[in-house]
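For reference, structure34.cif (mmCIF, C-alpha atoms):
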data_run
#
loop_
_atom_site.label_atom_id
_atom_site.label_comp_id
_atom_site.auth_asym_id
_atom_site.auth_seq_id
_atom_site.Cartn_x
_atom_site.Cartn_y
_atom_site.Cartn_z
CA MET K 1 114.11 111.93 103.14
CA VAL K 2 111.85 109.01 102.18
CA LEU K 3 113.16 106.03 100.20
CA PHE K 4 111.91 106.03 96.57
CA ASP K 5 109.92 109.22 97.22
CA SER K 6 110.70 110.69 93.82
CA VAL K 7 109.38 107.64 91.95
CA ALA K 8 106.58 106.61 94.32
CA ARG K 9 103.76 107.45 91.89
CA ILE K 10 105.25 105.43 89.05
CA LEU K 11 105.88 102.55 91.46
CA VAL K 12 102.21 102.61 92.47
CA VAL K 13 101.12 102.64 88.81
CA LEU K 14 103.41 99.70 88.03
CA HIS K 15 102.16 97.96 91.18
CA ALA K 16 98.58 98.37 89.91
CA ALA K 17 99.52 97.11 86.42
CA ALA K 18 101.14 94.01 87.90
CA ALA K 19 98.06 93.51 90.08
CA ILE K 20 95.88 93.52 86.96
CA VAL K 21 97.94 90.66 85.53
CA LEU K 22 97.76 88.89 88.90
CA VAL K 23 93.98 89.18 89.15
CA GLY K 24 93.51 87.85 85.62
CA SER K 25 95.94 84.98 85.93
CA SER K 26 94.74 83.90 89.38
CA THR K 27 91.12 83.97 88.22
CA HIS K 28 91.90 81.93 85.12
CA HIS K 29 93.96 79.52 87.19
CA ALA K 30 91.00 79.06 89.56
CA LEU K 31 88.83 78.18 86.55
CA ILE K 32 91.42 75.62 85.41
CA ALA K 33 91.52 74.11 88.94
CA LEU K 34 87.72 73.95 88.96
CA GLY K 35 87.97 72.10 85.66
CA TYR K 36 90.37 69.61 87.24
CA LEU K 37 87.75 68.87 89.89
CA ARG K 38 85.20 68.31 87.11
CA SER K 39 87.57 66.03 85.14
CA VAL K 40 88.42 68.64 82.51
CA PHE K 41 92.19 68.58 82.32
CA LYS K 42 94.03 71.48 80.72
CA GLU K 43 97.41 70.72 82.28
CA ARG K 44 99.46 73.00 80.07
CA LEU K 45 97.25 75.99 80.90
CA GLY K 46 97.42 75.08 84.58
CA ARG K 47 101.21 75.24 84.48
CA ILE K 48 101.21 78.47 82.49
CA TYR K 49 98.80 80.16 84.91
CA ALA K 50 100.72 78.87 87.94
CA SER K 51 103.88 80.47 86.52
CA THR K 52 102.10 83.69 85.63
CA VAL K 53 100.48 83.93 89.07
CA LEU K 54 103.79 83.42 90.86
CA GLY K 55 105.67 85.87 88.62
CA SER K 56 103.02 88.59 88.81
CA TYR K 57 102.58 88.01 92.56
CA LEU K 58 106.31 88.53 93.12
CA VAL K 59 106.40 91.65 90.93
CA THR K 60 103.29 93.09 92.60
CA PHE K 61 104.66 92.31 96.06
CA LEU K 62 108.08 93.85 95.33
CA LEU K 63 106.67 97.00 93.70
CA GLY K 64 104.26 97.46 96.61
CA GLY K 65 107.16 97.08 99.02
CA ALA K 66 109.19 99.65 97.12
CA ALA K 67 106.29 102.13 97.14
CA TYR K 68 105.52 101.52 100.82
CA PRO K 69 107.97 104.01 102.42
CA ALA K 70 106.41 106.95 100.54
CA PHE K 71 102.90 105.65 101.29
CA ARG K 72 103.81 105.15 104.95
CA TYR K 73 104.92 108.73 105.36
CA HIS K 74 102.75 110.79 102.99
CA VAL K 75 99.49 108.87 103.14
CA ARG K 76 99.34 106.62 106.14
CA ALA K 77 101.12 108.65 108.82
CA LEU K 78 99.93 112.08 107.76
CA TYR K 79 96.36 111.18 106.86
CA LEU K 80 95.00 107.64 107.32
CA ASP K 81 96.22 107.04 110.86
CA ARG K 82 94.82 110.40 111.94
CA TYR K 83 91.58 110.77 110.03
CA GLU K 84 90.65 107.35 108.61
CA PRO K 85 91.98 104.67 110.99
CA TRP K 86 89.62 102.07 109.49
CA ALA K 87 91.43 102.45 106.15
CA SER K 88 94.79 102.13 107.87
CA ASN K 89 93.59 98.93 109.55
CA LEU K 90 92.23 97.62 106.24
CA PHE K 91 95.66 98.21 104.72
CA ASP K 92 97.25 96.11 107.47
CA ILE K 93 94.77 93.29 106.88
CA LYS K 94 95.40 93.48 103.12
CA GLU K 95 99.15 93.23 103.62
CA HIS K 96 98.83 90.30 106.02
CA PHE K 97 96.72 88.44 103.48
CA ALA K 98 99.25 89.25 100.75
CA SER K 99 101.99 87.81 102.93
CA LEU K 100 99.97 84.61 103.41
CA GLY K 101 99.18 84.33 99.72
CA LEU K 102 102.78 84.49 98.51
CA PRO K 103 103.89 81.13 99.99
CA MET K 104 100.63 79.63 98.80
CA ALA K 105 101.40 80.84 95.26
CA VAL K 106 104.87 79.28 95.54
CA GLY K 107 103.28 76.02 96.69
CA VAL K 108 100.82 76.04 93.81
CA PHE K 109 103.66 76.65 91.36
CA VAL K 110 105.66 73.73 92.76
CA LEU K 111 102.63 71.44 92.75
CA SER K 112 101.77 72.45 89.18
CA ARG K 113 105.16 71.15 88.07
CA VAL K 114 104.68 67.66 89.52
CA LEU K 115 100.90 67.26 89.49
CA ARG K 116 99.37 65.01 86.86
CA PRO K 117 95.68 65.80 87.31
CA LYS K 118 94.39 62.68 85.55
CA GLN K 119 96.50 60.35 87.70
CA ASP K 120 96.97 62.31 90.94
CA THR K 121 93.29 62.67 91.80
CA GLU K 122 93.97 62.55 95.55
CA LEU K 123 95.99 65.81 95.28
CA LEU K 124 93.40 67.71 93.25
CA PRO K 125 91.31 68.99 96.20
CA THR K 126 94.43 70.31 97.97
CA TYR K 127 95.69 71.90 94.77
CA ALA K 128 92.29 73.47 94.08
CA VAL K 129 91.95 74.86 97.61
CA MET K 130 95.38 76.47 97.32
CA VAL K 131 94.57 77.94 93.89
CA PHE K 132 91.18 79.24 95.11
CA GLY K 133 92.88 80.64 98.23
CA VAL K 134 95.34 82.62 96.15
CA ALA K 135 92.54 83.94 93.92
CA ILE K 136 90.41 84.97 96.90
CA ILE K 137 93.34 86.76 98.52
CA VAL K 138 94.17 88.53 95.27
CA TRP K 139 90.58 89.70 94.74
CA PHE K 140 90.27 90.82 98.36
CA ASN K 141 93.52 92.77 98.05
CA LEU K 142 92.40 94.34 94.79
CA PHE K 143 89.20 95.71 96.26
CA SER K 144 90.86 96.68 99.54
CA GLY K 145 93.59 98.54 97.69
CA LEU K 146 91.04 100.39 95.57
CA ILE K 147 89.01 101.38 98.63
CA ILE K 148 92.13 102.62 100.43
CA THR K 149 93.25 104.53 97.35
CA LEU K 150 89.84 106.18 97.08
CA VAL K 151 90.25 107.47 100.64
CA ARG K 152 93.66 108.98 100.00
CA GLY K 153 96.29 108.01 97.43
CA VAL K 154 99.99 108.80 97.08
#
Can I see the file as structure tokens?
Amino acid sequence: MVLFDSVARILVVLHAAAAIVLVGSSTHHALIALGYLRSVFKERLGRIYASTVLGSYLVTFLLGGAAYPAFRYHVRALYLDRYEPWASNLFDIKEHFASLGLPMAVGVFVLSRVLRPKQDTELLPTYAVMVFGVAIIVWFNLFSGLIITLVRGV
């Protein structure tokens, strides 16, 4: 018996839907952070995107975790580890990056609540690097997940 086996497919679909929101919000947030570096300050949007990124990151992370037991048994153990070990390794890398991105998204959210971009210019590069880091991780995970799914899905 595998945990959440009966609802694994719907969990994966919901995981993908949350990832779509995450990709969009992290990309838009990166554009806002780039604007901060160019002295274009849309603070309200920065806070909205920071909240949306964190919320969608958490939902995506939790749904992926819930779908993982079924993936681990039906896809990874029975197929990827045996026939496509590169895809299994790519999955591990993707998950490690996701685990690194989550605290970064929390940090960006916290900073977005206290940062005043016009006044706190010394914090802008750090903020921007964190925002860009989250966006890069999210895009990497999107493409990695699609490649892995193309090899063998749930």
- Task: Run the PyMOL selection byres ((chain K and resi 29) around 9) against the file shown and list the residues it catches, as a list in words.
- Result: Gly24, Ser25, Ser26, Thr27, His28, Ala30, Leu31, Ile32, Ala33, Leu34, Leu45, Gly46, Arg47, Ile48, Tyr49, Ala50, Val53, Val131, Phe132 and Ala135 of chain K
Got a sec: who's within 7 Å of K:Thr60, counting all atoms listed in the file, leaving out chain neighbours fewer than 5 positions off, as a compact mmCIF listing (two decimals) with C-alpha atoms, in the coordinates of the input?
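Wrote selection.txt, looks like this:
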# COMPACT_ATOMS: atom_id res chain seq x y z
CA HIS K 15 102.16 97.96 91.18
CA ALA K 18 101.14 94.01 87.90
CA ALA K 19 98.06 93.51 90.08
- For atom CA of K:Val108 and atom CA of K:Ile93, quote the distance in Å rounded to one decimal.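 Computing the Euclidean distance for atom CA of K:Val108 and atom CA of K:Ile93 yields 22.5 Å.
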- Query: Taking all atoms listed in the file into account, which of K:Met104, K:Ala98, K:Leu115, K:Leu63 comes nearest K:Val13?
  - Reply: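 Answer, going by the shortest atom-to-atom distance: K:Leu63.
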- Message: When you look at K:Ala87 with a cut-off of 8 Å (counting only C-alpha atoms), what residues show up, excluding the ones that are within fewer than 4 positions of it in the same chain? I need them as a ChimeraX atom specification.
- Response: /K:80,91,147-148,151
- Message: Just to confirm, what's the straight-line distance from atom CA of K:Phe140 to atom CA of K:Pro103 in Å (one decimal)?
- Response: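 Value for the atom CA of K:Phe140-atom CA of K:Pro103 distance: 16.8 Å.
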- Among the residues K:Gly107, K:Gly133, K:Pro125, K:Pro117, the one that comes closest to K:Leu54 [using only C-alpha atoms]: K:Gly107
Box for stretch 36-49 of chain K - axis-aligned, 8 Å on each of the six sides, all listed atoms - centre and size in Å to one decimal, as JSON.
{"center_x": 93.2, "center_y": 73.1, "center_z": 85.0, "size_x": 32.0, "size_y": 30.1, "size_z": 25.8}
- Task: Using only C-alpha atoms, find the one residue out of K:Val23, K:Leu14, K:Leu90, K:Val106 that sits nearest to K:Ser51.
- Result: K:Val106
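Straight-line separation from atom CA of K:Val7 to atom CA of K:Ala67: 8.2 Å.
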- In terms of the shortest atom-to-atom distance over all atoms listed in the file, which of K:Val21, K:Leu62, K:Ala70, K:Leu37 is closest to K:Leu3?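 So, comparing all the options, the nearest one is K:Ala70.
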- Measuring atom to atom with all atoms listed in the file, identify which of K:Arg38, K:Ala8, K:Gly145, K:Val129 is nearest to K:Asn89.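 When distances to K:Asn89 are compared using all atoms listed in the file, the smallest one comes from K:Gly145.
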